[in-house]
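Below is data-v1.cif, holding mmCIF, C-alpha atoms and all ligand atoms.
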```cif
data_start
#
loop_
_atom_site.label_atom_id
_atom_site.label_comp_id
_atom_site.auth_asym_id
_atom_site.auth_seq_id
_atom_site.Cartn_x
_atom_site.Cartn_y
_atom_site.Cartn_z
CA MET N 101 -32.07 -9.07 50.57
CA SER N 102 -28.51 -10.24 50.09
CA PRO N 103 -28.34 -13.41 48.04
CA THR N 104 -25.84 -14.77 50.56
CA LEU N 105 -28.46 -14.85 53.31
CA LEU N 106 -29.92 -18.16 52.19
CA GLY N 107 -32.44 -19.33 54.72
CA GLY N 108 -32.74 -15.89 56.24
CA PHE N 109 -36.00 -14.86 54.68
CA PRO N 110 -39.44 -15.23 56.19
CA GLY N 111 -41.35 -18.40 55.52
CA GLY N 112 -39.08 -21.04 56.93
CA ASP N 113 -35.86 -22.86 56.39
CA VAL N 114 -34.15 -23.48 53.12
CA THR N 115 -33.25 -27.12 53.07
CA ALA N 116 -30.04 -28.35 51.50
CA ARG N 117 -32.17 -29.80 48.72
CA ASP N 118 -33.38 -26.32 47.79
CA ASP N 119 -29.84 -25.04 47.38
CA ARG N 120 -29.24 -27.36 44.46
CA PRO N 121 -30.64 -26.88 40.99
CA ILE N 122 -33.68 -29.04 40.36
CA ASP N 123 -33.73 -31.96 37.95
CA PRO N 124 -36.05 -30.76 35.16
CA ARG N 125 -37.42 -34.33 34.90
CA GLU N 126 -38.73 -34.28 38.44
CA ILE N 127 -41.35 -31.55 38.22
CA SER N 128 -43.96 -33.99 36.95
CA SER N 129 -43.73 -35.74 40.34
CA TRP N 130 -44.52 -32.49 42.21
CA ASP N 131 -47.94 -31.16 42.89
CA GLY N 132 -48.84 -27.57 42.10
CA THR N 133 -48.36 -26.53 45.73
CA GLU N 134 -44.78 -27.78 45.82
CA ALA N 135 -44.05 -25.93 42.60
CA LEU N 136 -45.45 -22.71 44.11
CA GLU N 137 -43.42 -23.12 47.29
CA ARG N 138 -40.23 -23.57 45.27
CA LEU N 139 -40.95 -20.50 43.19
CA ASP N 140 -41.63 -18.43 46.33
CA ARG N 141 -38.32 -19.45 47.88
CA TRP N 142 -36.32 -18.83 44.69
CA ALA N 143 -37.87 -15.38 44.29
CA GLU N 144 -36.41 -14.24 47.60
CA ARG N 145 -32.87 -14.78 46.43
CA TRP N 146 -32.39 -11.99 43.98
CA PRO N 147 -33.49 -8.40 43.71
CA ALA N 148 -35.65 -7.17 40.85
CA ARG N 149 -33.73 -4.81 38.58
CA ALA N 150 -33.80 -3.73 34.96
CA LEU N 151 -30.03 -3.79 34.38
CA GLU N 152 -27.45 -6.14 35.84
CA GLU N 153 -23.96 -4.64 36.01
CA LEU N 154 -21.28 -7.33 35.99
CA PRO N 155 -18.02 -6.33 37.65
CA SER N 156 -14.57 -6.94 36.27
CA ALA N 157 -12.92 -10.10 37.59
CA ARG N 158 -9.32 -11.01 36.96
CA GLY N 159 -8.99 -13.75 34.37
CA ALA N 160 -12.73 -14.44 34.43
CA GLU N 161 -15.04 -15.13 31.51
CA ALA N 162 -18.77 -15.41 30.96
CA THR N 163 -20.58 -18.06 28.91
CA VAL N 164 -23.49 -16.52 26.99
CA LEU N 165 -26.48 -18.61 25.88
CA GLY N 166 -28.99 -17.53 23.27
CA ASP N 167 -32.67 -18.50 23.14
CA THR N 168 -33.41 -21.93 24.64
CA HIS N 169 -37.21 -22.18 24.03
CA GLY N 170 -38.03 -25.18 26.21
CA ASP N 171 -35.00 -27.23 25.16
CA TRP N 172 -34.08 -28.16 28.74
CA PRO N 173 -31.87 -31.15 27.74
CA THR N 174 -29.58 -28.73 25.90
CA VAL N 175 -29.58 -26.32 28.87
CA GLU N 176 -28.83 -29.19 31.27
CA TRP N 177 -25.97 -30.37 29.06
CA LEU N 178 -24.56 -26.85 28.81
CA ALA N 179 -24.85 -26.35 32.59
CA ALA N 180 -22.99 -29.62 33.20
CA GLN N 181 -20.06 -28.32 31.17
CA PHE N 182 -20.05 -24.54 31.37
CA LEU N 183 -21.55 -23.81 34.79
CA GLU N 184 -20.75 -26.79 36.98
CA GLY N 185 -18.21 -28.75 34.94
CA PRO N 186 -14.82 -28.77 33.23
CA ARG N 187 -15.37 -25.75 31.01
CA SER N 188 -16.97 -23.62 33.74
CA THR N 189 -16.71 -19.87 33.45
CA ALA N 190 -17.26 -17.41 36.27
CA ARG N 191 -20.57 -16.25 34.89
CA TRP N 192 -23.49 -17.72 32.97
CA ILE N 193 -25.68 -15.30 31.08
CA ALA N 194 -28.82 -16.50 29.27
CA LEU N 195 -30.31 -13.98 26.84
CA GLY N 196 -34.01 -14.81 27.29
CA ASP N 197 -36.73 -16.72 25.42
CA PHE N 198 -36.70 -19.68 27.80
CA VAL N 199 -40.31 -20.65 27.07
CA ASP N 200 -42.64 -21.37 24.10
CA ARG N 201 -41.92 -23.16 20.78
CA THR N 202 -41.01 -26.31 22.75
CA PRO N 203 -40.22 -29.36 20.60
CA PRO N 204 -43.14 -31.86 20.70
CA SER N 205 -40.71 -34.53 21.95
CA LEU N 206 -40.24 -32.55 25.19
CA PRO N 207 -43.54 -32.54 27.10
CA GLN N 208 -43.97 -29.49 29.33
CA GLY N 209 -40.67 -28.24 27.95
CA SER N 210 -41.38 -24.57 28.64
CA LEU N 211 -42.31 -25.19 32.26
CA ARG N 212 -39.37 -27.56 32.83
CA ASN N 213 -36.88 -25.20 31.20
CA ALA N 214 -38.19 -22.16 33.08
CA MET N 215 -38.21 -23.93 36.46
CA TYR N 216 -34.75 -25.40 35.84
CA LEU N 217 -33.21 -22.07 34.82
CA LEU N 218 -34.84 -20.27 37.76
CA SER N 219 -33.44 -22.96 40.08
CA LEU N 220 -29.97 -22.45 38.60
CA LYS N 221 -30.33 -18.73 39.28
CA ALA N 222 -31.40 -19.49 42.86
CA ALA N 223 -28.56 -21.98 43.36
CA TYR N 224 -25.90 -19.65 41.91
CA PRO N 225 -27.25 -16.14 42.47
CA ASP N 226 -23.85 -14.50 41.98
CA ARG N 227 -22.96 -16.47 38.85
CA VAL N 228 -26.16 -16.84 36.84
CA THR N 229 -27.80 -13.95 34.99
CA LEU N 230 -31.13 -14.58 33.25
CA LEU N 231 -32.39 -11.80 31.00
CA ARG N 232 -35.95 -11.40 29.82
CA GLY N 233 -36.77 -12.12 26.18
CA ASN N 234 -39.95 -11.21 24.34
CA HIS N 235 -41.46 -14.52 25.53
CA GLU N 236 -40.84 -13.49 29.16
CA THR N 237 -42.52 -10.10 28.72
CA GLN N 238 -45.90 -11.35 27.52
CA ARG N 239 -47.85 -9.54 30.22
CA ARG N 240 -46.83 -6.30 28.51
CA ILE N 241 -46.56 -7.33 24.85
CA PRO N 242 -48.21 -10.63 23.89
CA ALA N 243 -46.07 -13.07 21.90
CA GLY N 244 -49.15 -15.11 20.94
CA MET N 245 -48.41 -18.22 23.04
CA ALA N 246 -49.03 -19.27 26.62
CA SER N 247 -47.12 -22.53 26.88
CA VAL N 248 -46.31 -22.30 30.58
CA ALA N 249 -49.98 -21.82 31.48
CA ASP N 250 -51.06 -24.70 29.20
CA GLU N 251 -48.37 -27.00 30.59
CA ALA N 252 -49.08 -26.16 34.24
CA ARG N 253 -52.76 -26.94 33.56
CA GLU N 254 -51.77 -30.28 31.98
CA LEU N 255 -49.71 -31.26 35.03
CA TRP N 256 -51.71 -29.81 37.90
CA GLY N 257 -55.10 -28.74 36.67
CA VAL N 258 -55.91 -25.12 37.35
CA ALA N 259 -52.98 -23.86 39.38
CA PRO N 260 -51.48 -20.39 39.69
CA VAL N 261 -48.00 -21.70 38.89
CA ALA N 262 -47.86 -20.01 35.51
CA GLU N 263 -48.66 -16.62 37.05
CA ARG N 264 -45.96 -17.14 39.66
CA VAL N 265 -43.41 -18.13 37.00
CA GLN N 266 -44.31 -14.89 35.21
CA ASP N 267 -43.87 -12.97 38.50
CA LEU N 268 -40.31 -14.27 38.63
CA PHE N 269 -39.69 -13.40 35.00
CA ASP N 270 -40.82 -9.85 35.83
CA ARG N 271 -37.97 -9.64 38.37
CA LEU N 272 -35.33 -10.51 35.79
CA PRO N 273 -33.20 -7.80 34.17
CA LEU N 274 -33.84 -6.59 30.63
CA ALA N 275 -30.13 -6.16 29.97
CA ALA N 276 -26.66 -6.66 31.39
CA ARG N 277 -23.49 -4.66 31.03
CA THR N 278 -19.99 -5.83 31.82
CA GLU N 279 -17.25 -3.57 33.13
CA SER N 280 -15.16 -5.04 30.30
CA GLY N 281 -17.38 -3.19 27.81
CA ALA N 282 -20.13 -5.54 26.62
CA TYR N 283 -23.84 -4.81 26.55
CA LEU N 284 -26.13 -7.87 26.48
CA ALA N 285 -29.86 -8.08 25.84
CA HIS N 286 -32.35 -10.36 24.11
CA ALA N 287 -32.73 -8.28 20.96
CA GLY N 288 -31.75 -4.60 21.07
CA PHE N 289 -31.10 -1.42 23.03
CA PRO N 290 -32.80 1.89 23.88
CA MET N 291 -32.76 3.87 20.64
CA ALA N 292 -32.92 7.41 22.05
CA ARG N 293 -29.81 9.40 21.13
CA SER N 294 -29.40 11.15 24.45
CA GLY N 295 -30.53 10.96 28.05
CA ASP N 296 -29.99 8.37 30.75
CA TRP N 297 -30.24 4.94 29.12
CA ARG N 298 -30.23 3.18 32.50
CA ALA N 299 -33.26 5.21 33.60
CA GLU N 300 -35.00 4.38 30.30
CA LEU N 301 -34.48 0.68 30.94
CA ALA N 302 -35.70 1.01 34.52
CA ALA N 303 -38.87 2.83 33.41
CA GLU N 304 -39.73 -0.06 31.04
CA SER N 305 -41.96 1.96 28.73
CA GLU N 306 -43.58 -0.06 25.99
CA ARG N 307 -41.35 1.66 23.43
CA VAL N 308 -38.18 0.63 25.26
CA LEU N 309 -39.48 -2.92 25.76
CA LEU N 310 -40.08 -3.19 22.00
CA GLU N 311 -36.58 -1.89 21.33
CA VAL N 312 -34.87 -4.18 23.83
CA VAL N 313 -36.72 -7.50 23.48
CA TRP N 314 -38.29 -7.33 20.00
CA ASN N 315 -35.94 -5.49 17.65
CA ASP N 316 -34.13 -6.96 14.65
CA VAL N 317 -30.94 -6.31 12.76
CA GLU N 318 -31.22 -4.57 9.41
CA GLY N 319 -30.66 -7.09 6.62
CA SER N 320 -31.79 -10.15 8.60
CA PRO N 321 -34.66 -12.13 7.01
CA ALA N 322 -36.64 -11.57 10.24
CA CYS N 323 -36.36 -7.79 9.96
CA GLY N 324 -39.78 -6.24 9.34
CA GLN N 325 -41.53 -9.64 9.55
CA ARG N 326 -42.72 -9.51 13.17
CA GLY N 327 -45.59 -7.07 12.70
CA ILE N 328 -43.85 -4.38 14.73
CA GLU N 329 -42.88 -1.08 13.13
CA GLN N 330 -39.61 0.23 14.51
CA GLU N 331 -36.22 1.40 13.36
CA PRO N 332 -34.03 -1.70 13.10
CA ILE N 333 -30.53 -2.03 14.47
CA ARG N 334 -28.02 -0.44 12.10
CA ALA N 335 -24.32 0.40 12.31
CA SER N 336 -25.13 4.03 13.09
CA ASN N 337 -27.61 3.53 15.94
CA LEU N 338 -25.47 0.74 17.40
CA GLU N 339 -22.48 3.08 17.42
CA THR N 340 -24.58 5.76 19.17
CA PHE N 341 -25.78 3.34 21.84
CA LEU N 342 -22.35 1.82 22.47
CA ALA N 343 -20.95 5.33 22.96
CA ARG N 344 -23.81 6.23 25.34
CA SER N 345 -23.30 3.09 27.40
CA ASP N 346 -19.48 3.15 27.28
CA CYS N 347 -19.48 -0.30 25.68
CA ARG N 348 -17.74 -1.67 22.58
CA VAL N 349 -19.73 -4.81 21.77
CA PHE N 350 -23.32 -6.09 21.89
CA LEU N 351 -24.34 -9.74 22.37
CA ARG N 352 -27.93 -10.73 21.59
CA GLY N 353 -30.23 -13.67 20.78
CA HIS N 354 -33.75 -13.57 19.26
CA ASP N 355 -32.90 -14.32 15.63
CA PRO N 356 -31.93 -17.85 14.49
CA ASP N 357 -31.38 -16.68 10.92
CA ILE N 358 -28.23 -14.76 11.82
CA ALA N 359 -27.06 -16.96 14.71
CA GLY N 360 -23.29 -17.24 14.81
CA GLN N 361 -22.82 -14.22 12.54
CA PHE N 362 -20.79 -11.18 13.46
CA ARG N 363 -22.12 -7.84 12.21
CA PHE N 364 -20.98 -4.24 12.13
CA ASP N 365 -17.22 -4.72 12.24
CA ARG N 366 -17.42 -7.45 14.92
CA ARG N 367 -19.31 -5.25 17.34
CA LEU N 368 -22.46 -7.38 17.30
CA LEU N 369 -22.94 -11.15 17.63
CA THR N 370 -26.23 -13.08 17.68
CA VAL N 371 -26.35 -16.49 19.37
CA HIS N 372 -29.07 -19.14 19.52
CA SER N 373 -29.01 -22.22 21.75
CA THR N 374 -32.02 -24.45 21.08
CA ARG N 375 -32.69 -27.46 18.91
CA VAL N 376 -36.08 -25.95 18.10
CA PHE N 377 -34.24 -24.08 15.35
CA GLU N 378 -31.80 -26.89 14.67
CA ARG N 379 -30.87 -25.36 11.31
CA ALA N 380 -29.33 -22.44 13.21
CA GLY N 381 -27.03 -24.77 15.15
CA LEU N 382 -26.06 -24.49 18.80
CA THR N 383 -24.09 -21.31 19.34
CA LEU N 384 -22.72 -19.76 22.52
CA ALA N 385 -20.54 -16.74 23.14
CA ARG N 386 -17.57 -16.45 25.47
CA LEU N 387 -16.89 -13.04 26.90
CA PRO N 388 -13.90 -11.84 28.95
CA LEU N 389 -14.84 -10.11 32.20
CA ASP N 390 -11.28 -8.89 32.65
CA GLY N 391 -9.65 -5.88 30.99
CA ALA N 392 -11.40 -4.16 28.09
CA VAL N 393 -13.11 -5.90 25.16
CA ALA N 394 -12.41 -3.82 22.02
CA ARG N 395 -14.02 -6.11 19.41
CA LEU N 396 -15.45 -9.59 19.28
CA SER N 397 -13.17 -12.21 17.74
CA ALA N 398 -13.40 -15.73 16.35
CA SER N 399 -12.79 -17.05 19.86
CA SER N 400 -15.92 -15.18 21.06
CA LEU N 401 -18.11 -17.74 19.27
CA LEU N 402 -18.54 -21.42 20.16
CA ARG N 403 -20.38 -23.74 17.79
CA LEU N 404 -21.29 -27.06 19.39
CA PRO N 405 -23.20 -30.17 18.32
CA PHE N 406 -26.60 -30.57 19.98
CA PRO N 407 -26.53 -33.16 22.79
CA PRO N 408 -28.64 -36.30 22.33
CA LEU N 409 -32.17 -36.12 23.70
CA PRO N 410 -32.69 -38.06 26.94
CA THR N 411 -33.73 -41.65 26.33
CA ARG N 412 -35.57 -42.37 29.56
CA ARG N 413 -39.14 -41.19 29.79
CA SER N 414 -39.66 -38.05 31.74
MN MN Q 1 -37.12 -13.63 20.82
#
```
As structure tokens, please, write out the structure in this file.
Ligand SMILES: [Mn+2]
Amino acid sequence: MSPTLLGGFPGGDVTARDDRPIDPREISSWDGTEALERLDRWAERWPARALEELPSARGAEATVLGDTHGDWPTVEWLAAQFLEGPRSTARWIALGDFVDRTPPSLPQGSLRNAMYLLSLKAAYPDRVTLLRGNHETQRRIPAGMASVADEARELWGVAPVAERVQDLFDRLPLAARTESGAYLAHAGFPMARSGDWRAELAAESERVLLEVVWNDVEGSPACGQRGIEQEPIRASNLETFLARSDCRVFLRGHDPDIAGQFRFDRRLLTVHSTRVFERAGLTLARLPLDGAVARLSASSLLRLPFPPLPTRRS
């Protein structure tokens, strides 16, 4: 269904209220049924696909967020500036890991962050891209946490909200590619040296999932520490993949230890956008959607202070 046909899907009208992003504070005033109805309506607004191809747009840029891990106040603050506010760019791309590892000061942070981000995607279907991280692919490869299920149980008792949130995660792309020559994913890329990389993504084999949402960069402290045996990202396999995909640069999240660092002759940048790993700082990337990106540059990276946590109880 076309995302422009709001209100045109079966199941009733979309009210004006549903067209706006939710306030992540308000979900504790919902009951489980309202949460499910929201999720059902949002799900109708975008197609499921493994790869999102972002067209060229004259003068346009994308803002790229790294892992947010339940830190909805930071996401809300970033949305107020970079999606809806004075520093808005044409596109917003979040690189996955929206849930789990929530700071204790943010009750139900995973659920609030997930519902808020999904509502942003529903409100701005042509501007917001949410990619799956390893914490959004837990039905296939467990990450050892189930925060959304625990939090939904806390709020609403036994309710199928967590399953429905996961259903929406399953619809999200694993990767994005811009016509300007950037490949974006949570962690890595298909490592095969030949063949149709788009078809490999679409098939979502366990091997490709591990490569795309779990891989690490050679030389990072995290490399080899996740209990998964696979060839890490190196200059040589990155060069092979960029040639296969007709891209020049790769933007990823997943690894706070190398957040804000360029690797491999400025062809790779890792960003991280959650106070859960405060030591890593708040980093975003800016990416031109116009012309051809040859290399990343200093202006590709934004380092920001974390916003204050909300003071009123939520
Ligand atoms: Mn991750």
Counting only C-alpha atoms and all ligand atoms, which residues of chain N sit at most 6 Å from some atom of ligand MN 1 (chain Q), and what is each one's closest atom pair with its distance in Å to one decimal, listed by chain and rising residue number, as CSV?
```
residue,atom,partner,partner_atom,distance
N:Asp197,CA,Q:MN1,MN,5.6
N:Gly233,CA,Q:MN1,MN,5.6
N:Asn234,CA,Q:MN1,MN,5.1
N:His354,CA,Q:MN1,MN,3.7
```
Selected residues written out, C-alpha atoms, as a compact mmCIF listing (two decimals), in the frame of the given file:
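And here's part-v2.txt as it stands now:
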```txt
# COMPACT_ATOMS: atom_id res chain seq x y z
CA ASP N 197 -36.73 -16.72 25.42
CA GLY N 233 -36.77 -12.12 26.18
CA ASN N 234 -39.95 -11.21 24.34
CA HIS N 354 -33.75 -13.57 19.26
```
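With all atoms listed in the file as the atoms that count, the residue of N:Ser400, N:Thr370, N:Ser305, N:Thr174 with the shortest distance to Ala287 (chain N) is N:Thr370.
CA of Ala392 (chain N) to CA of Leu165 (chain N) spans 21.0 Å [interatomic distance, one decimal].
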Residues at most 7 Å from Glu311 (chain N), counting only C-alpha atoms, excluding those fewer than 4 positions away in the same chain, as a compact mmCIF listing (two decimals) with C-alpha atoms, in the frame of the given file?
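That gives us part34.txt:
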```
# COMPACT_ATOMS: atom_id res chain seq x y z
CA GLY N 288 -31.75 -4.60 21.07
CA PHE N 289 -31.10 -1.42 23.03
CA PRO N 290 -32.80 1.89 23.88
CA MET N 291 -32.76 3.87 20.64
CA ARG N 307 -41.35 1.66 23.43
CA ASN N 315 -35.94 -5.49 17.65
```
Near-Leu368 (chain N) list (12 Å; only C-alpha atoms; drop same-chain fewer than 3 positions) as a PDB file with C-alpha atoms, in the coordinates of the input:
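And here is the file that came out, part_34.pdb:
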```pdb
ATOM      1  CA  ALA N 282     -20.130  -5.540  26.620  1.00  0.00           C
ATOM      2  CA  TYR N 283     -23.840  -4.810  26.550  1.00  0.00           C
ATOM      3  CA  LEU N 284     -26.130  -7.870  26.480  1.00  0.00           C
ATOM      4  CA  ALA N 285     -29.860  -8.080  25.840  1.00  0.00           C
ATOM      5  CA  ALA N 287     -32.730  -8.280  20.960  1.00  0.00           C
ATOM      6  CA  GLY N 288     -31.750  -4.600  21.070  1.00  0.00           C
ATOM      7  CA  PHE N 289     -31.100  -1.420  23.030  1.00  0.00           C
ATOM      8  CA  ASP N 316     -34.130  -6.960  14.650  1.00  0.00           C
ATOM      9  CA  VAL N 317     -30.940  -6.310  12.760  1.00  0.00           C
ATOM     10  CA  ILE N 333     -30.530  -2.030  14.470  1.00  0.00           C
ATOM     11  CA  ARG N 334     -28.020  -0.440  12.100  1.00  0.00           C
ATOM     12  CA  ALA N 335     -24.320   0.400  12.310  1.00  0.00           C
ATOM     13  CA  LEU N 338     -25.470   0.740  17.400  1.00  0.00           C
ATOM     14  CA  GLU N 339     -22.480   3.080  17.420  1.00  0.00           C
ATOM     15  CA  LEU N 342     -22.350   1.820  22.470  1.00  0.00           C
ATOM     16  CA  CYS N 347     -19.480  -0.300  25.680  1.00  0.00           C
ATOM     17  CA  ARG N 348     -17.740  -1.670  22.580  1.00  0.00           C
ATOM     18  CA  VAL N 349     -19.730  -4.810  21.770  1.00  0.00           C
ATOM     19  CA  PHE N 350     -23.320  -6.090  21.890  1.00  0.00           C
ATOM     20  CA  LEU N 351     -24.340  -9.740  22.370  1.00  0.00           C
ATOM     21  CA  ARG N 352     -27.930 -10.730  21.590  1.00  0.00           C
ATOM     22  CA  GLY N 353     -30.230 -13.670  20.780  1.00  0.00           C
ATOM     23  CA  ILE N 358     -28.230 -14.760  11.820  1.00  0.00           C
ATOM     24  CA  ALA N 359     -27.060 -16.960  14.710  1.00  0.00           C
ATOM     25  CA  GLY N 360     -23.290 -17.240  14.810  1.00  0.00           C
ATOM     26  CA  GLN N 361     -22.820 -14.220  12.540  1.00  0.00           C
ATOM     27  CA  PHE N 362     -20.790 -11.180  13.460  1.00  0.00           C
ATOM     28  CA  ARG N 363     -22.120  -7.840  12.210  1.00  0.00           C
ATOM     29  CA  PHE N 364     -20.980  -4.240  12.130  1.00  0.00           C
ATOM     30  CA  ASP N 365     -17.220  -4.720  12.240  1.00  0.00           C
ATOM     31  CA  VAL N 371     -26.350 -16.490  19.370  1.00  0.00           C
ATOM     32  CA  ALA N 385     -20.540 -16.740  23.140  1.00  0.00           C
ATOM     33  CA  ALA N 394     -12.410  -3.820  22.020  1.00  0.00           C
ATOM     34  CA  ARG N 395     -14.020  -6.110  19.410  1.00  0.00           C
ATOM     35  CA  LEU N 396     -15.450  -9.590  19.280  1.00  0.00           C
ATOM     36  CA  SER N 397     -13.170 -12.210  17.740  1.00  0.00           C
ATOM     37  CA  SER N 400     -15.920 -15.180  21.060  1.00  0.00           C
ATOM     38  CA  LEU N 401     -18.110 -17.740  19.270  1.00  0.00           C
TER      39      LEU N 401
END
```
